[in-house]
Every structure is written in structure tokens, then in C-alpha cells.
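One file, coords-v9.pdb, carrying PDB, C-alpha atoms, pLDDT in the B column:
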ATOM      1  CA  MET A 153       0.000   0.000   0.000  1.00 46.00           C
ATOM      2  CA  ASN A 154       1.468   3.387  -0.995  1.00 49.00           C
ATOM      3  CA  SER A 155       1.433   6.442   1.255  1.00 55.00           C
ATOM      4  CA  ARG A 156      -1.570   8.030  -0.517  1.00 55.00           C
ATOM      5  CA  ASP A 157      -3.668   4.885  -0.148  1.00 57.00           C
ATOM      6  CA  ARG A 158      -2.615   4.606   3.478  1.00 57.00           C
ATOM      7  CA  GLU A 159      -3.672   8.198   4.183  1.00 60.00           C
ATOM      8  CA  LEU A 160      -7.070   7.560   2.592  1.00 58.00           C
ATOM      9  CA  ASP A 161      -7.477   4.378   4.630  1.00 63.00           C
ATOM     10  CA  LEU A 162      -6.623   6.192   7.856  1.00 62.00           C
ATOM     11  CA  ALA A 163      -9.046   9.003   6.995  1.00 64.00           C
ATOM     12  CA  ARG A 164     -11.816   6.463   6.378  1.00 65.00           C
ATOM     13  CA  LEU A 165     -11.105   4.707   9.680  1.00 66.00           C
ATOM     14  CA  GLN A 166     -11.046   8.015  11.574  1.00 65.00           C
ATOM     15  CA  ASN A 167     -14.414   8.945  10.098  1.00 66.00           C
ATOM     16  CA  MET A 168     -15.823   5.578  11.200  1.00 70.00           C
ATOM     17  CA  LEU A 169     -14.318   6.090  14.649  1.00 68.00           C
ATOM     18  CA  GLY A 170     -15.908   9.512  15.069  1.00 68.00           C
ATOM     19  CA  LYS A 171     -19.334   8.182  14.113  1.00 69.00           C
ATOM     20  CA  CYS A 172     -18.969   5.221  16.481  1.00 67.00           C
ATOM     21  CA  LEU A 173     -17.967   7.466  19.388  1.00 68.00           C
ATOM     22  CA  GLY A 174     -20.910   9.735  18.625  1.00 68.00           C
ATOM     23  CA  ARG A 175     -23.344   6.826  18.741  1.00 70.00           C
ATOM     24  CA  ILE A 176     -21.895   5.658  22.072  1.00 68.00           C
ATOM     25  CA  ASP A 177     -22.339   9.188  23.450  1.00 68.00           C
ATOM     26  CA  GLU A 178     -25.987   9.211  22.371  1.00 69.00           C
ATOM     27  CA  HIS A 179     -26.639   5.814  23.960  1.00 66.00           C
ATOM     28  CA  ALA A 180     -24.896   6.857  27.188  1.00 66.00           C
ATOM     29  CA  PHE A 181     -26.984  10.035  27.372  1.00 65.00           C
ATOM     30  CA  ARG A 182     -30.167   8.000  26.992  1.00 64.00           C
ATOM     31  CA  LEU A 183     -29.085   5.826  29.909  1.00 63.00           C
ATOM     32  CA  GLN A 184     -28.356   8.907  32.036  1.00 62.00           C
ATOM     33  CA  GLU A 185     -31.779  10.339  31.215  1.00 62.00           C
ATOM     34  CA  GLY A 186     -33.412   7.191  32.589  1.00 60.00           C
ATOM     35  CA  GLY A 187     -36.566   5.647  31.151  1.00 52.00           C
ATOM     36  CA  ALA A 188     -38.185   2.267  31.077  1.00 49.00           C
ATOM     37  CA  ALA A 189     -36.119  -0.692  32.238  1.00 50.00           C
ATOM     38  CA  LEU A 190     -36.703  -2.450  28.922  1.00 45.00           C
ATOM     39  CA  GLU A 191     -35.322   0.518  27.030  1.00 60.00           C
ATOM     40  CA  GLN A 192     -32.312   0.702  29.333  1.00 58.00           C
ATOM     41  CA  ASP A 193     -31.551  -2.957  28.657  1.00 62.00           C
ATOM     42  CA  SER A 194     -31.826  -2.301  24.928  1.00 68.00           C
ATOM     43  CA  VAL A 195     -29.509   0.719  25.147  1.00 60.00           C
ATOM     44  CA  ALA A 196     -27.005  -1.223  27.256  1.00 62.00           C
ATOM     45  CA  ASP A 197     -26.927  -3.953  24.599  1.00 64.00           C
ATOM     46  CA  ALA A 198     -26.416  -1.318  21.916  1.00 67.00           C
ATOM     47  CA  ILE A 199     -23.487   0.182  23.842  1.00 63.00           C
ATOM     48  CA  GLU A 200     -21.921  -3.257  24.170  1.00 61.00           C
ATOM     49  CA  ASP A 201     -22.224  -3.802  20.408  1.00 66.00           C
ATOM     50  CA  GLU A 202     -20.815  -0.348  19.632  1.00 64.00           C
ATOM     51  CA  THR A 203     -17.922  -0.910  22.061  1.00 62.00           C
ATOM     52  CA  GLY A 204     -16.964  -4.052  20.174  1.00 60.00           C
ATOM     53  CA  GLU A 205     -17.054  -2.123  16.912  1.00 63.00           C
ATOM     54  CA  LEU A 206     -15.022   0.666  18.532  1.00 62.00           C
ATOM     55  CA  GLN A 207     -12.279  -1.752  19.542  1.00 58.00           C
ATOM     56  CA  HIS A 208     -12.169  -3.189  16.023  1.00 61.00           C
ATOM     57  CA  ILE A 209     -11.813   0.279  14.482  1.00 62.00           C
ATOM     58  CA  VAL A 210      -9.136   1.337  16.986  1.00 62.00           C
ATOM     59  CA  ASP A 211      -7.154  -1.846  16.313  1.00 57.00           C
ATOM     60  CA  SER A 212      -7.364  -1.178  12.567  1.00 62.00           C
ATOM     61  CA  ILE A 213      -6.170   2.412  13.023  1.00 60.00           C
ATOM     62  CA  VAL A 214      -3.260   1.272  15.180  1.00 56.00           C
ATOM     63  CA  GLU A 215      -2.222  -1.301  12.575  1.00 57.00           C
ATOM     64  CA  ALA A 216      -2.466   1.209   9.715  1.00 59.00           C
ATOM     65  CA  ALA A 217      -0.568   3.881  11.655  1.00 55.00           C
ATOM     66  CA  ILE A 218       2.228   1.507  12.623  1.00 49.00           C
ATOM     67  CA  ALA A 219       2.522   0.314   9.022  1.00 52.00           C
ATOM     68  CA  GLY A 220       3.095   3.755   7.551  1.00 51.00           C
ATOM     69  CA  SER A 221       3.948   6.341  10.181  1.00 51.00           C
ATOM     70  CA  ASP A 222       7.219   7.597  11.589  1.00 57.00           C
ATOM     71  CA  GLU A 223       5.387   7.864  14.933  1.00 73.00           C
ATOM     72  CA  ARG A 224       6.158  11.556  15.484  1.00 83.00           C
ATOM     73  CA  ALA A 225       3.538  14.265  15.863  1.00 90.00           C
ATOM     74  CA  ASP A 226       3.692  18.054  16.333  1.00 93.00           C
ATOM     75  CA  LEU A 227       1.169  18.803  19.090  1.00 95.00           C
ATOM     76  CA  ASN A 228       1.092  22.575  18.599  1.00 95.00           C
ATOM     77  CA  ALA A 229       0.405  22.184  14.875  1.00 92.00           C
ATOM     78  CA  ILE A 230      -2.332  19.668  15.622  1.00 92.00           C
ATOM     79  CA  VAL A 231      -3.898  22.018  18.187  1.00 94.00           C
ATOM     80  CA  ALA A 232      -3.917  24.875  15.661  1.00 91.00           C
ATOM     81  CA  HIS A 233      -5.608  22.632  13.114  1.00 88.00           C
ATOM     82  CA  CYS A 234      -8.212  21.398  15.611  1.00 88.00           C
ATOM     83  CA  VAL A 235      -9.004  24.909  16.860  1.00 90.00           C
ATOM     84  CA  ASN A 236      -9.802  26.017  13.308  1.00 86.00           C
ATOM     85  CA  ALA A 237     -11.846  22.880  12.663  1.00 83.00           C
ATOM     86  CA  MET A 238     -13.835  23.257  15.886  1.00 83.00           C
ATOM     87  CA  LEU A 239     -14.684  26.914  15.230  1.00 84.00           C
ATOM     88  CA  GLN A 240     -16.082  25.879  11.855  1.00 81.00           C
ATOM     89  CA  GLU A 241     -18.002  22.894  13.197  1.00 79.00           C
ATOM     90  CA  VAL A 242     -19.895  24.430  16.127  1.00 80.00           C
ATOM     91  CA  TRP A 243     -23.088  26.284  15.221  1.00 81.00           C
ATOM     92  CA  TYR A 244     -22.831  28.659  18.194  1.00 84.00           C
ATOM     93  CA  PRO A 245     -20.336  31.429  19.105  1.00 88.00           C
ATOM     94  CA  LEU A 246     -17.323  30.078  20.994  1.00 89.00           C
ATOM     95  CA  VAL A 247     -14.147  31.779  22.214  1.00 92.00           C
ATOM     96  CA  ILE A 248     -10.935  29.730  22.248  1.00 94.00           C
ATOM     97  CA  ARG A 249      -7.897  31.242  23.983  1.00 94.00           C
ATOM     98  CA  GLN A 250      -4.535  29.621  23.299  1.00 94.00           C
ATOM     99  CA  ARG A 251      -1.300  29.558  25.283  1.00 95.00           C
ATOM    100  CA  LEU A 252       0.981  27.168  23.440  1.00 95.00           C
ATOM    101  CA  GLY A 253       4.339  26.193  24.860  1.00 94.00           C
ATOM    102  CA  SER A 254       7.635  26.866  23.082  1.00 91.00           C
ATOM    103  CA  GLN A 255      10.474  24.404  22.604  1.00 87.00           C
ATOM    104  CA  MET A 256       7.967  21.552  22.622  1.00 92.00           C
ATOM    105  CA  PRO A 257       9.242  18.035  21.873  1.00 93.00           C
ATOM    106  CA  MET A 258       7.501  15.925  19.279  1.00 93.00           C
ATOM    107  CA  VAL A 259       4.876  13.481  20.541  1.00 94.00           C
ATOM    108  CA  ALA A 260       5.591   9.764  20.236  1.00 90.00           C
ATOM    109  CA  GLY A 261       2.554   8.809  18.171  1.00 85.00           C
ATOM    110  CA  SER A 262       1.148   9.048  14.672  1.00 82.00           C
ATOM    111  CA  THR A 263      -0.229  12.421  13.605  1.00 84.00           C
ATOM    112  CA  SER A 264      -3.565  10.885  12.595  1.00 80.00           C
ATOM    113  CA  MET A 265      -4.187   9.286  15.988  1.00 83.00           C
ATOM    114  CA  ILE A 266      -3.037  12.315  18.010  1.00 89.00           C
ATOM    115  CA  THR A 267      -5.200  14.561  15.834  1.00 87.00           C
ATOM    116  CA  HIS A 268      -8.274  12.454  16.489  1.00 85.00           C
ATOM    117  CA  ALA A 269      -7.635  12.474  20.254  1.00 90.00           C
ATOM    118  CA  VAL A 270      -7.162  16.260  20.324  1.00 92.00           C
ATOM    119  CA  HIS A 271     -10.241  16.857  18.175  1.00 88.00           C
ATOM    120  CA  ARG A 272     -12.294  14.644  20.488  1.00 87.00           C
ATOM    121  CA  ALA A 273     -11.007  16.552  23.531  1.00 91.00           C
ATOM    122  CA  PHE A 274     -11.996  19.871  21.917  1.00 91.00           C
ATOM    123  CA  ALA A 275     -15.448  18.492  21.135  1.00 87.00           C
ATOM    124  CA  LEU A 276     -16.005  17.611  24.790  1.00 87.00           C
ATOM    125  CA  ALA A 277     -14.816  21.036  25.974  1.00 89.00           C
ATOM    126  CA  ALA A 278     -16.912  22.883  23.378  1.00 87.00           C
ATOM    127  CA  SER A 279     -19.957  20.832  24.331  1.00 83.00           C
ATOM    128  CA  HIS A 280     -19.523  21.832  27.972  1.00 83.00           C
ATOM    129  CA  ALA A 281     -18.851  25.517  27.211  1.00 85.00           C
ATOM    130  CA  GLY A 282     -21.974  25.924  25.112  1.00 83.00           C
ATOM    131  CA  SER A 283     -23.085  29.022  23.232  1.00 84.00           C
ATOM    132  CA  GLY A 284     -21.026  32.099  24.099  1.00 87.00           C
ATOM    133  CA  GLY A 285     -18.654  29.999  26.197  1.00 88.00           C
ATOM    134  CA  GLU A 286     -14.895  30.118  26.414  1.00 92.00           C
ATOM    135  CA  VAL A 287     -12.273  27.381  26.239  1.00 94.00           C
ATOM    136  CA  SER A 288      -8.683  27.971  27.370  1.00 95.00           C
ATOM    137  CA  VAL A 289      -6.039  25.847  25.648  1.00 97.00           C
ATOM    138  CA  THR A 290      -2.559  25.233  27.047  1.00 97.00           C
ATOM    139  CA  THR A 291       0.276  23.041  25.824  1.00 97.00           C
ATOM    140  CA  ARG A 292       3.385  22.382  27.883  1.00 96.00           C
ATOM    141  CA  THR A 293       5.897  19.738  28.821  1.00 94.00           C
ATOM    142  CA  GLU A 294       6.195  17.939  32.115  1.00 90.00           C
ATOM    143  CA  GLY A 295       9.027  15.445  32.469  1.00 88.00           C
ATOM    144  CA  ASP A 296       8.838  12.965  29.609  1.00 89.00           C
ATOM    145  CA  GLU A 297       5.281  13.958  28.705  1.00 93.00           C
ATOM    146  CA  VAL A 298       3.693  16.545  26.448  1.00 95.00           C
ATOM    147  CA  LEU A 299       0.487  17.962  27.925  1.00 96.00           C
ATOM    148  CA  LEU A 300      -2.611  19.508  26.411  1.00 97.00           C
ATOM    149  CA  GLU A 301      -4.969  21.149  28.917  1.00 97.00           C
ATOM    150  CA  LEU A 302      -8.456  22.443  28.137  1.00 96.00           C
ATOM    151  CA  GLN A 303     -10.414  24.477  30.676  1.00 94.00           C
ATOM    152  CA  CYS A 304     -13.722  26.289  30.669  1.00 90.00           C
ATOM    153  CA  PRO A 305     -15.939  27.722  33.421  1.00 83.00           C
ATOM    154  CA  ALA A 306     -19.409  26.478  34.275  1.00 68.00           C
ATOM    155  CA  GLY A 307     -21.099  25.785  30.995  1.00 60.00           C
ATOM    156  CA  ALA A 308     -24.392  24.821  29.459  1.00 55.00           C
ATOM    157  CA  SER A 309     -23.975  21.046  29.382  1.00 52.00           C
ATOM    158  CA  GLY A 310     -26.022  19.065  31.866  1.00 49.00           C
ATOM    159  CA  GLN A 311     -24.447  15.784  30.848  1.00 54.00           C
ATOM    160  CA  SER A 312     -21.711  13.943  32.698  1.00 60.00           C
ATOM    161  CA  LEU A 313     -18.770  14.719  30.443  1.00 63.00           C
ATOM    162  CA  GLU A 314     -16.496  12.677  32.668  1.00 61.00           C
ATOM    163  CA  ASP A 315     -18.507   9.603  31.687  1.00 67.00           C
ATOM    164  CA  ARG A 316     -18.465  10.646  28.028  1.00 71.00           C
ATOM    165  CA  ALA A 317     -14.656  10.900  28.173  1.00 80.00           C
ATOM    166  CA  MET A 318     -14.329   7.171  28.870  1.00 81.00           C
ATOM    167  CA  THR A 319     -14.011   6.392  25.147  1.00 81.00           C
ATOM    168  CA  LEU A 320     -11.314   9.054  24.781  1.00 86.00           C
ATOM    169  CA  ARG A 321      -9.405   7.536  27.706  1.00 88.00           C
ATOM    170  CA  ALA A 322      -9.529   4.127  26.052  1.00 85.00           C
ATOM    171  CA  PHE A 323      -8.375   5.583  22.737  1.00 86.00           C
ATOM    172  CA  VAL A 324      -5.312   7.472  24.025  1.00 89.00           C
ATOM    173  CA  ALA A 325      -4.289   4.450  26.097  1.00 88.00           C
ATOM    174  CA  GLN A 326      -3.664   2.706  22.760  1.00 84.00           C
ATOM    175  CA  PHE A 327      -0.536   4.838  22.285  1.00 85.00           C
ATOM    176  CA  GLN A 328       0.512   5.034  25.961  1.00 88.00           C
ATOM    177  CA  GLY A 329      -1.255   8.314  26.616  1.00 92.00           C
ATOM    178  CA  ARG A 330      -3.586   9.293  29.460  1.00 93.00           C
ATOM    179  CA  CYS A 331      -6.692  11.448  29.693  1.00 93.00           C
ATOM    180  CA  GLU A 332      -7.875  13.107  32.900  1.00 91.00           C
ATOM    181  CA  VAL A 333     -11.191  14.933  33.231  1.00 89.00           C
ATOM    182  CA  SER A 334     -12.734  16.719  36.179  1.00 85.00           C
ATOM    183  CA  LEU A 335     -15.625  19.051  36.994  1.00 80.00           C
ATOM    184  CA  ASP A 336     -15.255  21.356  39.991  1.00 79.00           C
ATOM    185  CA  SER A 337     -17.956  22.364  42.439  1.00 76.00           C
ATOM    186  CA  THR A 338     -18.983  25.328  40.269  1.00 77.00           C
ATOM    187  CA  GLY A 339     -19.275  23.243  37.111  1.00 75.00           C
ATOM    188  CA  GLY A 340     -15.905  24.285  35.709  1.00 83.00           C
ATOM    189  CA  PHE A 341     -14.461  21.777  33.232  1.00 87.00           C
ATOM    190  CA  TRP A 342     -10.843  20.603  33.017  1.00 91.00           C
ATOM    191  CA  LEU A 343      -9.398  18.035  30.617  1.00 93.00           C
ATOM    192  CA  ALA A 344      -5.771  17.032  30.213  1.00 95.00           C
ATOM    193  CA  LEU A 345      -4.198  14.793  27.599  1.00 96.00           C
ATOM    194  CA  GLU A 346      -0.849  13.463  28.784  1.00 95.00           C
ATOM    195  CA  LEU A 347       1.090  12.210  25.764  1.00 95.00           C
ATOM    196  CA  PRO A 348       4.530  10.542  25.668  1.00 93.00           C
ATOM    197  CA  ALA A 349       7.295  12.705  24.237  1.00 93.00           C
ATOM    198  CA  CYS A 350       9.429  11.360  21.438  1.00 84.00           C
ATOM    199  CA  LYS A 351      12.797  11.157  23.217  1.00 74.00           C
ATOM    200  CA  SER A 352      14.822  11.103  20.032  1.00 60.00           C
ATOM    201  CA  ALA A 353      13.022  14.087  18.490  1.00 46.00           C
ATOM    202  CA  HIS A 354      14.492  17.563  18.314  1.00 46.00           C
ATOM    203  CA  ARG A 355      12.530  20.240  20.093  1.00 51.00           C
ATOM    204  CA  GLN A 356      10.424  22.569  18.018  1.00 50.00           C
ATOM    205  CA  ARG A 357      11.309  26.219  17.716  1.00 43.00           C
TER     206      ARG A 357
END
Go through the file and emit its structure as C-alpha cells.
Amino acid sequence: MNSRDRELDLARLQNMLGKCLGRIDEHAFRLQEGGAALEQDSVADAIEDETGELQHIVDSIVEAAIAGSDERADLNAIVAHCVNAMLQEVWYPLVIRQRLGSQMPMVAGSTSMITHAVHRAFALAASHAGSGGEVSVTTRTEGDEVLLELQCPAGASGQSLEDRAMTLRAFVAQFQGRCEVSLDSTGGFWLALELPACKSAHRQR
């Protein structure tokens, strides 16, 4: 498979992954909203089926990325791309403030997988912020890790975004990353992606 075909295959798998994660979110929200026991059983079965499909897609992405990637990603460039994409995708006004670190090492992971994780993180933050909300974005290094932090004050979302982040946690674990999410007593949202730095990479200017 040449590089162009591989890129198209990865793009197709990422699209499938996004749709699968979206369906899991919808099912999880239905469970949180309650309803008849029969419906809850049906939704639980649907989540189990979607989770199996999710694992299959993730495995396929990992295999495709390993086959054709140098396993180095520029987090700041990915963040810039995802900020632009998110501002175009949301139908409501949203303010995104950026404070990107300098001299950042490359991330040990394929650009396609890191991009999907960052985009998913932005989607969760934007969902919490709601119309007219604000999301603060920070990138920095800490030891052998490259960190992305997203924060926003009390927002419009009434859903448990910590529960919704479970699929993101599972995804970043595939490339030795971690995802932490918390909501404070005022409803403020904080999400951090902790990604392994590429030790052999030169730092960015």
C-alpha cells in the first residue's frame, strides 16, 4: 500500500471512529436520562455492540498507523488545526484562547491518531462551554510527557462529560497516553491529555 492509499485508509477509519464514538455518546446520554427498564436494557446492549465495533476500528487504526507512520507528531500544529476545525463545526459562538508552549518536543505517536484524540477533547470542551462559552487551551511539557490542557468555566452542558470521556481515555491508552477529566464544584471543566514525548526528536522552535 502506498502512502496516498494509506492516508485515505486512515481518513476512512477516523471517520468511522468519530461516528462510532458519537453513537456511544448518544446511547450513554439516553441511559443517564433514565426511562423504562426495557429501554435501558436495549440501550445497554447497543453500547456493548458499539464498544466491540469501537475496539475493532481502533485496532485497525493502530495497525495502519504503525505500518506507515514515523510515529512523530507536532502537538502545537495539531492544536492549531483542531481549533480552526472546531470553530467551523460548532453552530454557536465560541471563544478559544490559546497559550501554546515553546520548545515543545515531538509526541511519540502518529499524527492521525493524536489529531483524532485532540479533536475529540476539543469536542467535549466545546460541548460543555456551550453558546457564548470560552475554552482555554494550554500546551506544555512535564518530564517525559507533552500535555494539552483544556479548561472552561461552568457551561451549558447538563451531561456527565467525565462519563463521556471514557471512550477518549480508552483511545489514548492505545498509544501510551492518558486522559484526565474533572468538573469542579462550580461546574468548571478541566481536561488534560498526557502524551509521551518522542525522546529522540528535536525540540520545536
Selection result of the PyMOL selection byres ((chain A and resi 296) around 12) on this file, as a ChimeraX atom specification
/A:256-260,292-295,297-299,329,346-353
Writing out the chosen residues with C-alpha atoms as a tab-separated table (two decimals), keeping the file's coordinate frame:
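Contents of the output file result26.tsv:
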chain	number	residue	atom	x	y	z
A	256	MET	CA	7.97	21.55	22.62
A	257	PRO	CA	9.24	18.04	21.87
A	258	MET	CA	7.50	15.92	19.28
A	259	VAL	CA	4.88	13.48	20.54
A	260	ALA	CA	5.59	9.76	20.24
A	292	ARG	CA	3.38	22.38	27.88
A	293	THR	CA	5.90	19.74	28.82
A	294	GLU	CA	6.20	17.94	32.12
A	295	GLY	CA	9.03	15.44	32.47
A	297	GLU	CA	5.28	13.96	28.70
A	298	VAL	CA	3.69	16.55	26.45
A	299	LEU	CA	0.49	17.96	27.92
A	329	GLY	CA	-1.25	8.31	26.62
A	346	GLU	CA	-0.85	13.46	28.78
A	347	LEU	CA	1.09	12.21	25.76
A	348	PRO	CA	4.53	10.54	25.67
A	349	ALA	CA	7.30	12.70	24.24
A	350	CYS	CA	9.43	11.36	21.44
A	351	LYS	CA	12.80	11.16	23.22
A	352	SER	CA	14.82	11.10	20.03
A	353	ALA	CA	13.02	14.09	18.49
I need the residue nearest Thr319 (chain A) from this list: A:Cys234, A:Ala278, A:Leu335, A:Arg175. Use all atoms listed in the file for the distance.
A:Arg175
Have a look at CA of Gln240 (chain A) and CA of Leu227 (chain A) and let me know their distance in Å, one decimal.
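Computing it gives 20.0 Å between the two atoms.
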For CA of Ser334 (chain A) and CA of Glu223 (chain A), quote the distance in Å rounded to one decimal.
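Taking CA of Ser334 (chain A) and CA of Glu223 (chain A), their separation equals 29.3 Å.
Distance check against Ser283 (chain A) using all atoms listed in the file: of A:Arg330, A:Leu345, A:Ile266, A:Val247, the minimum falls on A:Val247.
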For region 338-353 of chain A, what centre and edge lengths in Å (one decimal) does the axis-aligned box get once 5 Å is added on each side of all its listed atoms, as lines of an AutoDock Vina configuration file?
center_x = -2.2
center_y = 17.9
center_z = 29.4
size_x = 44.1
size_y = 24.8
size_z = 31.8
What separation in Å, quoted to one decimal, exists between CA of Cys331 (chain A) and CA of Tyr244 (chain A)?
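These atoms are spaced 26.2 Å apart.
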Thr267 (chain A): which residues within 10 Å, counting all atoms listed in the file, same-chain residues fewer than 5 positions away excluded, as a ChimeraX atom specification?
/A:166,225-227,229-231,233-234,261-262,272-273
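The nearest approach to Thr290 (chain A) among the residues A:Gln250, A:Gln326, A:Asn236, A:Gln255, with only C-alpha atoms taken into account, belongs to A:Gln250.
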Here is a test: counting all atoms listed in the file, which residue of A:Val333, A:Leu246, A:Ala232, A:Leu252 is nearest to Arg321 (chain A)?
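Of A:Val333, A:Leu246, A:Ala232, A:Leu252, the one nearest Arg321 (chain A), counting all atoms listed in the file, is A:Val333.
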Which of A:Leu343, A:Ile248, A:Ala317, A:Val324 sits closest to Gln303 (chain A) [using only C-alpha atoms]:
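Residue with the minimum atom-to-atom distance to Gln303 (chain A): A:Leu343.
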Which of these, A:Leu302, A:Leu276, A:Met265, A:Val270, has the shortest distance to Trp342 (chain A) once you count all atoms listed in the file?
A:Leu302
